[in-house]
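Asks: Handing over coords10.txt, compact mmCIF, C-alpha atoms.
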# COMPACT_ATOMS: atom_id res chain seq x y z
CA MET A 27 -24.24 52.46 20.57
CA ASN A 28 -21.24 50.14 20.13
CA GLY A 29 -19.02 52.53 22.05
CA PHE A 30 -19.60 55.57 19.82
CA LEU A 31 -20.67 58.91 21.20
CA VAL A 32 -23.88 59.93 19.43
CA GLN A 33 -25.43 63.38 19.48
CA VAL A 34 -28.51 64.75 17.75
CA TRP A 35 -29.10 68.28 16.52
CA CYS A 36 -32.50 69.60 15.45
CA PRO A 37 -32.09 72.67 13.21
CA PHE A 38 -35.84 73.41 13.22
CA PRO A 39 -38.62 73.33 15.83
CA ILE A 40 -40.28 69.88 15.90
CA ASN A 41 -44.06 69.82 15.62
CA LYS A 42 -44.94 66.38 14.28
CA THR A 43 -45.94 63.83 16.92
CA LEU A 44 -43.99 60.93 15.38
CA THR A 45 -40.79 62.99 15.13
CA ILE A 46 -41.15 64.08 18.76
CA LYS A 47 -41.50 60.43 19.79
CA HIS A 48 -38.37 59.50 17.84
CA LEU A 49 -36.42 62.31 19.49
CA ASN A 50 -37.63 61.34 22.95
CA TYR A 51 -36.58 57.75 22.34
CA LEU A 52 -33.10 58.84 21.30
CA THR A 53 -32.58 60.95 24.39
CA SER A 54 -33.99 58.15 26.59
CA ILE A 55 -31.21 55.81 25.52
CA GLY A 56 -28.46 58.32 26.19
CA VAL A 57 -28.17 60.36 22.98
CA THR A 58 -27.32 63.98 23.80
CA LYS A 59 -29.44 66.70 22.20
CA LEU A 60 -27.27 69.63 21.10
CA VAL A 61 -28.38 73.13 21.95
CA ASP A 62 -25.80 75.01 19.88
CA LEU A 63 -24.69 74.53 16.27
CA PRO A 64 -22.37 71.54 15.79
CA ASP A 65 -18.73 72.30 14.95
CA ALA A 66 -18.20 71.77 11.21
CA ASN A 67 -14.44 71.47 11.76
CA GLY A 68 -14.73 68.69 14.33
CA LYS A 69 -13.86 65.03 13.74
CA GLU A 70 -17.43 63.71 14.09
CA LEU A 71 -19.28 61.95 11.30
CA TRP A 72 -22.42 63.88 10.34
CA ILE A 73 -25.60 62.10 9.29
CA ASP A 74 -27.91 64.33 7.28
CA ALA A 75 -31.47 63.19 8.08
CA VAL A 76 -33.16 66.59 8.02
CA PHE A 77 -35.72 66.02 5.26
CA GLY A 78 -34.81 63.03 3.13
CA ASN A 79 -37.41 61.99 0.58
CA ASN A 80 -40.12 64.30 1.97
CA GLN A 81 -38.54 67.57 0.89
CA THR A 82 -40.44 69.58 -1.70
CA ARG A 83 -39.13 73.14 -1.44
CA LYS A 84 -36.14 75.39 -0.82
CA VAL A 85 -34.20 74.83 2.40
CA ASP A 86 -32.55 77.51 4.58
CA ASP A 87 -29.29 78.46 2.86
CA LYS A 88 -27.50 78.70 6.21
CA LEU A 89 -28.17 75.02 6.87
CA ILE A 90 -26.81 74.02 3.45
CA LYS A 91 -23.68 76.12 4.03
CA LEU A 92 -23.09 74.52 7.42
CA PHE A 93 -23.27 70.97 6.03
CA ASN A 94 -21.02 71.85 3.11
CA GLN A 95 -18.52 73.49 5.45
CA LYS A 96 -18.31 70.09 7.14
CA PHE A 97 -18.01 68.33 3.78
CA ASN A 98 -15.10 70.57 2.77
CA SER A 99 -13.32 70.52 6.13
CA LYS A 100 -10.21 68.50 6.99
CA HIS A 101 -12.33 65.89 8.75
CA GLY A 102 -15.32 66.22 6.45
CA ARG A 103 -17.56 63.17 6.28
CA VAL A 104 -21.27 63.52 5.57
CA VAL A 105 -23.77 60.70 5.11
CA SER A 106 -27.20 61.64 3.76
CA LEU A 107 -30.20 59.48 4.51
CA ASP A 108 -32.44 58.88 1.48
CA VAL A 109 -31.76 62.23 -0.25
CA PRO A 110 -29.27 65.01 0.57
CA THR A 111 -31.02 67.99 2.11
CA GLY A 112 -31.92 70.60 -0.49
CA LEU A 113 -31.92 68.15 -3.43
CA CYS A 114 -35.16 67.40 -5.27
CA PRO A 115 -35.87 63.63 -4.99
CA ASN A 116 -37.46 63.57 -8.47
CA LYS A 117 -35.37 65.97 -10.54
CA GLY A 118 -32.02 65.46 -8.83
CA GLU A 119 -31.48 69.22 -8.82
CA PRO A 120 -31.07 71.64 -5.88
CA PHE A 121 -34.23 73.53 -4.97
CA SER A 122 -32.08 76.63 -4.62
CA TRP A 123 -28.51 77.48 -5.58
CA ASP A 124 -26.99 74.53 -3.72
CA ALA A 125 -27.73 71.37 -1.72
CA VAL A 126 -25.92 69.30 0.89
CA ARG A 127 -22.90 67.54 -0.60
CA ALA A 128 -22.57 64.08 0.88
CA ASN A 129 -19.75 61.55 0.82
CA TYR A 130 -22.35 58.79 0.95
CA THR A 131 -26.09 58.66 0.34
CA LEU A 132 -28.13 55.75 1.74
CA ALA A 133 -31.28 55.17 -0.31
CA VAL A 134 -33.77 53.31 1.85
CA GLY A 135 -36.34 50.99 0.29
CA LEU A 136 -36.22 52.07 -3.34
CA ASN A 137 -33.74 54.25 -5.20
CA LYS A 138 -35.22 57.70 -5.68
CA ILE A 139 -35.20 58.66 -9.34
CA GLY A 140 -33.50 61.98 -8.69
CA LEU A 141 -30.46 60.28 -7.19
CA ILE A 142 -29.41 58.69 -10.47
CA GLN A 143 -29.73 61.79 -12.63
CA ASP A 144 -26.60 63.48 -13.94
CA SER A 145 -27.47 66.66 -12.05
CA ALA A 146 -27.35 64.79 -8.71
CA LEU A 147 -23.82 63.43 -9.08
CA PRO A 148 -22.02 66.38 -7.40
CA PHE A 149 -24.20 65.95 -4.29
CA ILE A 150 -24.79 62.26 -3.57
CA GLY A 151 -21.25 60.90 -3.31
CA GLU A 152 -21.29 57.09 -3.21
CA LEU A 153 -24.86 55.81 -3.49
CA THR A 154 -25.82 52.73 -1.47
CA HIS A 155 -29.21 51.02 -1.59
CA ILE A 156 -30.64 49.66 1.67
CA ASP A 157 -33.14 46.91 0.91
CA ILE A 158 -36.00 46.83 3.41
CA GLY A 159 -37.87 44.02 1.67
CA VAL A 160 -40.32 45.81 -0.63
CA PRO A 161 -42.34 42.91 -2.17
CA ILE A 162 -41.64 42.22 -5.84
CA SER A 163 -45.37 41.62 -6.29
CA LYS A 164 -45.98 45.28 -5.45
CA LEU A 165 -43.31 46.51 -7.85
CA SER A 166 -44.71 44.42 -10.72
CA LYS A 167 -47.89 46.52 -10.67
CA ILE A 168 -46.04 49.71 -11.57
CA GLU A 169 -46.80 50.56 -15.20
CA LYS A 170 -43.65 52.52 -16.02
CA LYS A 171 -40.68 50.55 -14.79
CA ILE A 172 -37.26 52.16 -14.36
CA PHE A 173 -34.29 49.84 -13.93
CA LYS A 174 -30.92 50.92 -12.55
CA ILE A 175 -28.11 49.00 -14.25
CA THR A 176 -24.46 48.96 -13.21
CA TYR A 177 -21.26 47.16 -14.17
CA LYS A 178 -22.24 44.40 -11.76
CA ASP A 179 -25.00 43.49 -14.23
CA VAL A 180 -22.54 42.72 -17.04
CA LYS A 181 -22.09 39.16 -15.75
CA ASN A 182 -25.81 38.54 -16.10
CA ILE A 183 -26.21 39.89 -19.63
CA ASP A 184 -27.97 37.25 -21.69
CA LEU A 185 -27.46 37.60 -25.43
CA PRO A 186 -28.26 34.79 -27.88
CA SER A 187 -25.45 32.47 -28.97
CA LEU A 188 -25.42 31.67 -32.67
CA PRO A 189 -24.89 28.13 -33.98
CA LYS A 190 -21.25 27.42 -34.82
CA ASN A 191 -22.03 26.38 -38.40
CA LEU A 192 -23.47 29.74 -39.54
CA ASN A 193 -21.50 31.49 -42.30
CA LYS A 194 -20.65 35.20 -42.29
CA TYR A 195 -23.83 36.17 -44.15
CA LYS A 196 -25.96 34.59 -41.43
CA ARG A 197 -24.09 36.25 -38.58
CA GLY A 198 -25.61 39.64 -39.23
CA ARG A 199 -25.31 42.23 -41.98
CA THR A 200 -24.90 45.90 -41.18
CA LEU A 201 -24.43 49.01 -43.28
CA LEU A 202 -22.81 52.16 -41.91
CA ILE A 203 -23.17 55.59 -43.50
CA ALA A 204 -20.71 57.82 -41.73
CA GLY A 205 -18.06 60.50 -42.02
CA SER A 206 -17.45 63.54 -44.20
CA LYS A 207 -14.59 65.69 -45.36
CA LYS A 208 -15.28 67.74 -42.25
CA TYR A 209 -15.27 64.74 -39.86
CA PRO A 210 -13.40 61.84 -41.51
CA GLY A 211 -12.41 60.20 -38.22
CA ALA A 212 -16.04 59.55 -37.22
CA ALA A 213 -16.38 57.04 -40.05
CA TYR A 214 -13.39 54.98 -38.93
CA LEU A 215 -14.52 54.95 -35.29
CA ALA A 216 -18.05 53.84 -36.21
CA LEU A 217 -16.57 51.05 -38.33
CA LYS A 218 -14.27 50.04 -35.48
CA GLY A 219 -17.30 49.79 -33.23
CA ALA A 220 -19.07 47.53 -35.72
CA MET A 221 -16.00 45.33 -36.10
CA SER A 222 -15.68 44.99 -32.32
CA SER A 223 -19.19 43.50 -32.16
CA GLY A 224 -18.16 40.44 -34.17
CA VAL A 225 -20.87 40.96 -36.81
CA GLY A 226 -20.44 38.75 -39.86
CA PHE A 227 -20.67 41.27 -42.70
CA ILE A 228 -19.97 45.03 -42.60
CA SER A 229 -20.62 47.37 -45.51
CA ALA A 230 -20.08 51.11 -45.58
CA VAL A 231 -20.88 54.26 -47.49
CA LEU A 232 -18.05 56.71 -46.84
CA PRO A 233 -16.81 60.09 -48.02
CA GLU A 234 -14.26 59.81 -50.82
CA LEU A 235 -11.48 61.01 -48.52
CA VAL A 236 -12.04 58.03 -46.21
CA ALA A 237 -13.05 55.53 -48.90
CA ASP A 238 -9.70 55.88 -50.68
CA SER A 239 -7.75 54.72 -47.64
CA ILE A 240 -10.12 52.55 -45.59
CA TRP A 241 -8.71 49.32 -47.06
CA GLN A 242 -5.38 50.09 -45.40
CA VAL A 243 -6.83 50.16 -41.87
CA ALA A 244 -9.96 48.02 -42.21
CA PRO A 245 -9.64 45.70 -45.22
CA GLU A 246 -12.64 43.63 -44.10
CA ILE A 247 -15.06 46.49 -44.83
CA VAL A 248 -17.04 46.18 -48.07
CA LEU A 249 -17.35 49.61 -49.64
CA LYS A 250 -20.84 50.02 -51.13
CA GLY A 251 -20.58 53.63 -52.22
CA THR A 252 -18.95 56.98 -51.69
CA MET A 253 -20.37 60.32 -50.68
CA GLN A 254 -19.40 63.62 -52.18
CA CYS A 255 -19.11 66.56 -49.80
CA ASN A 256 -20.43 70.07 -50.28
CA GLN A 257 -18.35 73.23 -50.04
CA ASN A 258 -18.70 73.21 -46.26
CA GLY A 259 -17.31 69.67 -46.00
CA ASN A 260 -20.64 67.99 -45.17
CA ALA A 261 -21.49 64.64 -46.78
CA SER A 262 -24.29 64.14 -49.32
CA LEU A 263 -26.26 60.92 -48.86
CA PHE A 264 -28.68 60.95 -51.77
CA SER A 265 -26.39 59.90 -54.64
CA ALA A 266 -25.14 56.91 -52.63
CA LEU A 267 -28.48 55.75 -51.24
CA MET A 268 -30.19 55.63 -54.61
CA ASN A 269 -27.76 52.92 -55.78
CA ILE A 270 -27.89 50.62 -52.72
CA ASP A 271 -30.23 47.72 -51.98
CA LEU A 272 -30.97 48.49 -48.34
CA GLY A 273 -33.08 45.35 -48.10
CA ALA A 274 -29.88 43.28 -47.90
CA TYR A 275 -29.09 44.55 -44.40
CA ASP A 276 -30.37 43.77 -40.92
CA THR A 277 -29.29 47.11 -39.49
CA LEU A 278 -28.39 50.50 -40.87
CA VAL A 279 -26.65 53.28 -38.96
CA VAL A 280 -26.66 56.82 -40.32
CA GLY A 281 -25.16 59.93 -38.87
CA PRO A 282 -21.70 59.82 -37.27
CA GLY A 283 -19.77 62.76 -38.65
CA ILE A 284 -21.84 63.33 -41.82
CA GLY A 285 -22.38 67.02 -41.10
CA ILE A 286 -25.49 69.11 -41.79
CA ASP A 287 -27.10 69.35 -45.23
CA SER A 288 -30.86 69.98 -45.05
CA ASP A 289 -31.48 69.79 -48.80
CA ASP A 290 -29.66 66.47 -49.04
CA TRP A 291 -31.69 65.07 -46.13
CA GLN A 292 -34.93 66.08 -47.77
CA LYS A 293 -33.98 64.10 -50.89
CA SER A 294 -32.63 61.13 -48.92
CA LYS A 295 -35.26 60.63 -46.23
CA ASP A 296 -37.61 58.41 -48.27
CA TYR A 297 -34.93 55.73 -48.60
CA LEU A 298 -34.57 55.67 -44.82
CA LEU A 299 -38.30 55.73 -44.21
CA GLY A 300 -38.65 52.66 -46.44
CA PHE A 301 -35.84 50.64 -44.83
CA LYS A 302 -37.41 47.54 -43.25
CA GLY A 303 -34.59 46.67 -40.89
CA LEU A 304 -33.44 48.35 -37.67
CA LEU A 305 -32.49 51.97 -38.34
CA ILE A 306 -30.03 53.55 -35.90
CA LEU A 307 -29.76 57.33 -36.11
CA ASP A 308 -26.90 59.16 -34.44
CA ALA A 309 -25.30 62.59 -34.27
CA ASP A 310 -25.72 64.60 -37.48
CA ALA A 311 -28.56 62.43 -38.77
CA LEU A 312 -30.52 63.64 -35.72
CA ASN A 313 -29.40 67.22 -36.33
CA ARG A 314 -30.57 66.97 -39.93
CA ILE A 315 -33.96 65.69 -38.78
CA SER A 316 -34.36 68.52 -36.28
CA GLU A 317 -33.71 71.08 -39.05
CA SER A 318 -35.91 69.36 -41.65
CA LYS A 319 -39.48 70.19 -42.66
CA LEU A 320 -40.82 67.04 -41.02
CA GLY A 321 -38.77 67.40 -37.88
CA SER A 322 -39.41 64.63 -35.38
CA LYS A 323 -42.54 63.59 -37.30
CA PHE A 324 -40.05 61.66 -39.44
CA PHE A 325 -40.20 58.94 -36.80
CA LEU A 326 -44.00 58.70 -37.05
CA GLU A 327 -43.80 58.15 -40.80
CA ARG A 328 -41.34 55.30 -40.41
CA GLU A 329 -43.04 51.93 -39.85
CA SER A 330 -40.05 49.79 -38.89
CA ASN A 331 -37.93 49.72 -35.74
CA THR A 332 -35.90 52.88 -35.03
CA TRP A 333 -33.29 53.54 -32.34
CA ILE A 334 -31.85 57.01 -31.73
CA THR A 335 -28.81 58.11 -29.71
CA PRO A 336 -28.99 61.85 -28.87
CA HIS A 337 -27.12 63.68 -26.16
CA SER A 338 -29.08 66.29 -24.22
CA LYS A 339 -28.67 69.19 -26.67
CA GLU A 340 -29.56 67.02 -29.66
CA PHE A 341 -32.60 65.77 -27.75
CA VAL A 342 -33.84 69.31 -27.09
CA ARG A 343 -33.44 70.21 -30.76
CA LEU A 344 -35.36 67.09 -31.80
CA PHE A 345 -38.16 67.31 -29.24
CA PRO A 346 -38.50 70.97 -28.19
CA ASN A 347 -42.05 70.45 -26.95
CA ILE A 348 -41.27 67.63 -24.51
CA LYS A 349 -40.83 69.07 -21.02
CA CYS A 350 -40.34 66.77 -18.00
CA ALA A 351 -38.92 66.78 -14.51
CA SER A 352 -36.12 64.29 -15.23
CA ASN A 353 -34.16 62.86 -18.14
CA VAL A 354 -35.83 59.50 -17.55
CA GLU A 355 -39.25 61.03 -18.17
CA LEU A 356 -37.93 62.88 -21.22
CA ALA A 357 -36.69 59.65 -22.77
CA LEU A 358 -39.85 57.69 -21.85
CA ASN A 359 -42.17 60.35 -23.26
CA ALA A 360 -40.24 60.74 -26.51
CA ALA A 361 -40.16 56.97 -26.98
CA LYS A 362 -43.91 56.70 -26.41
CA GLU A 363 -44.95 59.67 -28.53
CA PHE A 364 -42.81 58.76 -31.53
CA ASN A 365 -42.76 54.93 -31.23
CA ILE A 366 -38.97 54.68 -31.07
CA SER A 367 -36.29 53.51 -28.65
CA VAL A 368 -34.22 56.32 -27.19
CA LEU A 369 -30.71 56.41 -25.79
CA LEU A 370 -30.35 59.75 -24.01
CA LYS A 371 -26.61 59.98 -23.49
CA GLY A 372 -25.04 61.47 -20.37
CA ALA A 373 -22.98 60.53 -17.33
CA ASN A 374 -25.84 58.20 -16.40
CA SER A 375 -27.19 57.34 -19.84
CA ILE A 376 -30.82 56.29 -20.24
CA VAL A 377 -32.35 53.81 -22.66
CA ALA A 378 -36.13 53.89 -22.94
CA ASP A 379 -39.12 52.60 -24.85
CA ASN A 380 -42.77 53.49 -24.25
CA LYS A 381 -43.06 51.53 -20.97
CA LYS A 382 -39.62 50.89 -19.52
CA ALA A 383 -36.37 52.72 -18.96
CA TRP A 384 -32.90 51.47 -18.11
CA GLN A 385 -30.50 53.94 -16.52
CA LEU A 386 -26.79 53.29 -16.19
CA PHE A 387 -25.26 54.23 -12.87
CA GLY A 388 -21.75 54.20 -11.44
CA THR A 389 -20.23 54.36 -14.91
CA ASP A 390 -16.67 55.33 -15.75
CA SER A 391 -15.93 58.96 -16.60
CA GLN A 392 -13.77 57.75 -19.49
CA THR A 393 -16.94 57.20 -21.52
CA ALA A 394 -17.23 60.99 -21.86
CA ARG A 395 -14.65 61.29 -24.64
CA ALA A 396 -14.78 62.58 -28.20
CA GLY A 397 -15.40 59.75 -30.65
CA LEU A 398 -16.97 57.30 -28.22
CA GLY A 399 -20.45 58.08 -29.52
CA ASP A 400 -19.31 57.10 -33.03
CA LEU A 401 -17.80 53.90 -31.65
CA LEU A 402 -21.04 53.15 -29.81
CA SER A 403 -23.29 53.63 -32.83
CA GLY A 404 -21.23 51.18 -34.86
CA PHE A 405 -21.12 48.69 -32.00
CA VAL A 406 -24.90 48.87 -31.54
CA ALA A 407 -25.45 48.36 -35.28
CA GLY A 408 -23.17 45.33 -35.43
CA SER A 409 -24.45 43.73 -32.21
CA ALA A 410 -28.07 44.24 -33.20
CA ALA A 411 -27.45 42.72 -36.63
CA ILE A 412 -26.03 39.58 -34.99
CA ASP A 413 -28.92 39.21 -32.57
CA LEU A 414 -31.55 39.90 -35.24
CA THR A 415 -30.43 36.81 -37.12
CA PHE A 416 -31.38 34.77 -34.06
CA CYS A 417 -34.34 36.68 -32.61
CA GLY A 418 -36.01 38.18 -35.66
CA ASN A 419 -37.02 41.26 -33.65
CA LEU A 420 -35.18 43.09 -30.88
CA THR A 421 -36.75 44.64 -27.83
CA THR A 422 -35.26 47.73 -26.23
CA ASP A 423 -33.55 45.78 -23.46
CA PHE A 424 -31.04 44.64 -26.09
CA PHE A 425 -30.24 48.30 -26.74
CA ALA A 426 -29.61 48.81 -23.03
CA LYS A 427 -27.32 45.76 -22.92
CA TYR A 428 -25.18 47.08 -25.79
CA VAL A 429 -24.84 50.48 -24.11
CA LEU A 430 -23.81 48.85 -20.83
CA LEU A 431 -21.19 46.68 -22.56
CA HIS A 432 -19.75 49.71 -24.36
CA SER A 433 -19.43 51.63 -21.09
CA PHE A 434 -17.97 48.63 -19.28
CA ALA A 435 -15.30 48.24 -21.96
CA ALA A 436 -14.25 51.84 -21.39
CA SER A 437 -13.84 51.13 -17.68
CA ARG A 438 -11.63 48.12 -18.41
CA THR A 439 -9.19 49.81 -20.78
CA ASN A 440 -5.69 49.86 -19.31
CA VAL A 441 -3.67 51.27 -22.22
CA GLY A 442 -5.49 54.57 -22.58
CA SER A 443 -8.94 56.08 -22.76
CA ASN A 444 -9.18 57.09 -26.41
CA ALA A 445 -11.94 55.67 -28.57
CA SER A 446 -9.62 53.41 -30.56
CA ALA A 447 -8.20 51.77 -27.43
CA ILE A 448 -11.68 51.31 -26.01
CA GLY A 449 -12.74 49.70 -29.30
CA ASP A 450 -9.94 47.13 -28.87
CA GLU A 451 -11.13 46.42 -25.33
CA LEU A 452 -14.68 46.06 -26.59
CA SER A 453 -13.53 43.41 -29.08
CA LYS A 454 -11.92 41.44 -26.24
CA LEU A 455 -15.01 41.84 -24.11
CA MET A 456 -17.31 40.49 -26.81
CA ARG A 457 -15.00 37.56 -27.43
CA ASN A 458 -14.93 36.76 -23.73
CA ARG A 459 -18.69 37.12 -23.47
CA LYS A 460 -19.12 34.50 -26.14
CA MET A 461 -16.75 32.28 -24.20
CA ARG A 462 -18.71 33.08 -21.00
CA GLN A 463 -15.56 34.49 -19.39
CA ILE A 464 -16.59 38.00 -18.39
CA SER A 465 -15.31 38.89 -14.91
Can the structure from this file be put into structure tokens for me?

Replies:
Amino acid sequence: MNGFLVQVWCPFPINKTLTIKHLNYLTSIGVTKLVDLPDANGKELWIDAVFGNNQTRKVDDKLIKLFNQKFNSKHGRVVSLDVPTGLCPNKGEPFSWDAVRANYTLAVGLNKIGLIQDSALPFIGELTHIDIGVPISKLSKIEKKIFKITYKDVKNIDLPSLPKNLNKYKRGRTLLIAGSKKYPGAAYLALKGAMSSGVGFISAVLPELVADSIWQVAPEIVLKGTMQCNQNGNASLFSALMNIDLGAYDTLVVGPGIGIDSDDWQKSKDYLLGFKGLLILDADALNRISESKLGSKFFLERESNTWITPHSKEFVRLFPNIKCASNVELALNAAKEFNISVLLKGANSIVADNKKAWQLFGTDSQTARAGLGDLLSGFVAGSAAIDLTFCGNLTTDFFAKYVLLHSFAASRTNVGSNASAIGDELSKLMRNRKMRQIS
């Protein structure tokens, strides 16, 4: 026991033979079995090993309260083994009104999917994986693969390096349609995200309010058209789209801050359906789709690659009929049904296609700021345009890499956590990545 006093408490009668054997072994080596309730205000470390991954139903509320009294006490330290008691291993939600709140959770063997859901964050504390040597050959047979990605993976990101002699037109072309009289700042932030990617050529369709001044803050942007805004301040796409050769671009992002205009979307959608490059739909573009006649069937009518970036409420509006136990399953099922790649944004954002999902974990809370979604959509559009010039077609893992880099940049920002400052950090990060100097 390395000199530590160890005691064991069994809150329920033990009936299973294996559990009885384990308890007998503990007492045989000197572990004391408690008869009375342990003192939640004592200095002892508590290890929650009541149910772990086997729990499937509501737990006695008195037990949850006792553990959480320990957690909240002056000397509160709780370590949960596998899964905190009272927390669903698959959904990451309490079976009842609450679950054990742990300082640390030790996931044995494989990470349980519920532990990396947003809903689990108040309960799991610091999550540590204990590798017990599950063979990779066994894991390779799993059809739907879910990968946990963290900031430690940034060093291993492998994105193609372009030849040094390529001119700006061969380093990716992206077009951004963003902003409105109602939300003018969204356009600038999306453009800042695109510029931070290092893409060779950026064009934009902007509301007149933004278009008149964009040269003062971003003179490198090529203005391809302006959008008028309706009486509610929402941008109209149709008049601009009809005069643009979309075939000149590798990627097209539509949505940040454009506002809602269902009639305008109905007139504009055919231009987007016919775009042969990578279409990235964010924010109000998704809201327009959810309110349109086609709804999410829009994605089925589009033949080329489409990436979408909803947060949870936008996702529900887009796909009201998709019901699943976890956000990972939601993203996977939407991706499969509609043949798209999905970024479901949250504290632990998920990127998914029809077979695989990548879930960020251990991210910085600074990524939950107004404007960062606009910055991300522009960054994804620019980065994808660069990599398309080299790869010809992008798989969803590229999408996951861009999302991870964006979040990592937010964690590295020292001068503030606003979207503009994070955009500057993202520019440095991309420059360092190209120089292989990420640390």

Asks: Give me the residues of region 316-377 of chain A that have any atom at most 8 Å from an atom of region 139-146 of chain A; for each, the nearest atom pair and the distance in Å, rounded to one decimal. Use all atoms listed in the file, sort by chain and number, and format it as a tab-separated table.

Replies:
residue	atom	partner	partner_atom	distance
A:Ser352	CA	A:Gln143	CA	7.3
A:Asn353	CA	A:Gln143	CA	7.2
A:Gly372	CA	A:Asp144	CA	6.9
A:Ala373	CA	A:Asp144	CA	5.8
A:Asn374	CA	A:Asp144	CA	5.9

Asks: Give, as lines of an AutoDock Vina configuration file, the centre coordinates and the x, y and z edge lengths in Å to one decimal for an axis-aligned box around all listed atoms of region 430-436 of chain A, padded by 8 Å on each side.

Replies:
center_x = -19.0
center_y = 49.3
center_z = -21.8
size_x = 25.6
size_y = 21.2
size_z = 21.1

Asks: Got a sec: who's within 10 Å of Phe434 (chain A), counting only C-alpha atoms, leaving out chain neighbours fewer than 5 positions off, as a VMD selection string?

Replies: chain A and resid 176 to 178 180 389 to 390 393 428 to 429 439 448 451 to 452 455

Asks: Please determine, counting all atoms listed in the file, which residue among A:Ser206, A:Ser54, A:Asn41, A:Ser222 has the shortest atom-to-atom distance to Asp450 (chain A).

Replies: A:Ser222

Asks: Hey, what's within 10 Å of region 122-134 of chain A if we count only C-alpha atoms and toss same-chain stuff fewer than 3 positions away? As a PyMOL selection string, please?

Replies: chain A and resi 72-74+78-79+83-87+89-98+102-114+119+137-138+141+146-158

Asks: Could you save the residues just selected, with C-alpha atoms, as a short mmCIF file (atom, residue, chain, number, x, y, z; two decimals), keeping the file's coordinate frame?

Replies:
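Result saved to again_29.cif:
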data_model
loop_
_atom_site.label_atom_id
_atom_site.label_comp_id
_atom_site.auth_asym_id
_atom_site.auth_seq_id
_atom_site.Cartn_x
_atom_site.Cartn_y
_atom_site.Cartn_z
CA TRP A 72 -22.42 63.88 10.34
CA ILE A 73 -25.60 62.10 9.29
CA ASP A 74 -27.91 64.33 7.28
CA GLY A 78 -34.81 63.03 3.13
CA ASN A 79 -37.41 61.99 0.58
CA ARG A 83 -39.13 73.14 -1.44
CA LYS A 84 -36.14 75.39 -0.82
CA VAL A 85 -34.20 74.83 2.40
CA ASP A 86 -32.55 77.51 4.58
CA ASP A 87 -29.29 78.46 2.86
CA LEU A 89 -28.17 75.02 6.87
CA ILE A 90 -26.81 74.02 3.45
CA LYS A 91 -23.68 76.12 4.03
CA LEU A 92 -23.09 74.52 7.42
CA PHE A 93 -23.27 70.97 6.03
CA ASN A 94 -21.02 71.85 3.11
CA GLN A 95 -18.52 73.49 5.45
CA LYS A 96 -18.31 70.09 7.14
CA PHE A 97 -18.01 68.33 3.78
CA ASN A 98 -15.10 70.57 2.77
CA GLY A 102 -15.32 66.22 6.45
CA ARG A 103 -17.56 63.17 6.28
CA VAL A 104 -21.27 63.52 5.57
CA VAL A 105 -23.77 60.70 5.11
CA SER A 106 -27.20 61.64 3.76
CA LEU A 107 -30.20 59.48 4.51
CA ASP A 108 -32.44 58.88 1.48
CA VAL A 109 -31.76 62.23 -0.25
CA PRO A 110 -29.27 65.01 0.57
CA THR A 111 -31.02 67.99 2.11
CA GLY A 112 -31.92 70.60 -0.49
CA LEU A 113 -31.92 68.15 -3.43
CA CYS A 114 -35.16 67.40 -5.27
CA GLU A 119 -31.48 69.22 -8.82
CA ASN A 137 -33.74 54.25 -5.20
CA LYS A 138 -35.22 57.70 -5.68
CA LEU A 141 -30.46 60.28 -7.19
CA ALA A 146 -27.35 64.79 -8.71
CA LEU A 147 -23.82 63.43 -9.08
CA PRO A 148 -22.02 66.38 -7.40
CA PHE A 149 -24.20 65.95 -4.29
CA ILE A 150 -24.79 62.26 -3.57
CA GLY A 151 -21.25 60.90 -3.31
CA GLU A 152 -21.29 57.09 -3.21
CA LEU A 153 -24.86 55.81 -3.49
CA THR A 154 -25.82 52.73 -1.47
CA HIS A 155 -29.21 51.02 -1.59
CA ILE A 156 -30.64 49.66 1.67
CA ASP A 157 -33.14 46.91 0.91
CA ILE A 158 -36.00 46.83 3.41
#

Asks: Find the residue from A:Asp413, A:Asp423, A:Glu355, A:Asp310 that sits nearest to Ser187 (chain A); use all atoms listed in the file when measuring.

Replies: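 Comparing A:Asp413, A:Asp423, A:Glu355, A:Asp310 against Ser187 (chain A), the winner is A:Asp413.
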
Asks: Could you please determine the separation between CA of Ala237 (chain A) and CA of Thr252 (chain A) in Å, to one decimal place?

Replies: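 Spanning CA of Ala237 (chain A) to CA of Thr252 (chain A) is a straight-line distance of 6.7 Å.
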
Asks: Find, counting all atoms listed in the file, the residue in A:Leu202, A:Ile286, A:Ala213, A:Ala361 that gets nearest to Asn331 (chain A).

Replies: A:Ala361

Asks: Tell me which of A:Ser223, A:Trp35, A:Glu234, A:Ala351 sits closest to Lys117 (chain A), counting all atoms listed in the file.

Replies: A:Ala351

Asks: As an exercise, work out the distance from CA of Lys381 (chain A) to CA of Lys171 (chain A) in Å and give it to one decimal place.

Replies: 6.7 Å

Asks: Which residue, A:Thr335, A:Ser367, A:Asn347, A:Ser265, has the smallest gap to Gly321 (chain A) when you use all atoms listed in the file?

Replies: A:Asn347

Asks: With a distance cut-off of 10 Å and all atoms listed in the file, select the neighbouring residues of Glu246 (chain A), excluding the residue or stretch itself and same-chain residues fewer than 2 positions from it, and output the selection as JSON, numbers by chain.

Replies: {"A": [221, 227, 228, 229, 240, 241, 242, 243, 244, 248, 249]}

Asks: Which distance in Å separates CA of Gly211 (chain A) and CA of Ser433 (chain A), to one decimal?

Replies: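 About the pair CA of Gly211 (chain A) and CA of Ser433 (chain A): they are 20.4 Å apart.
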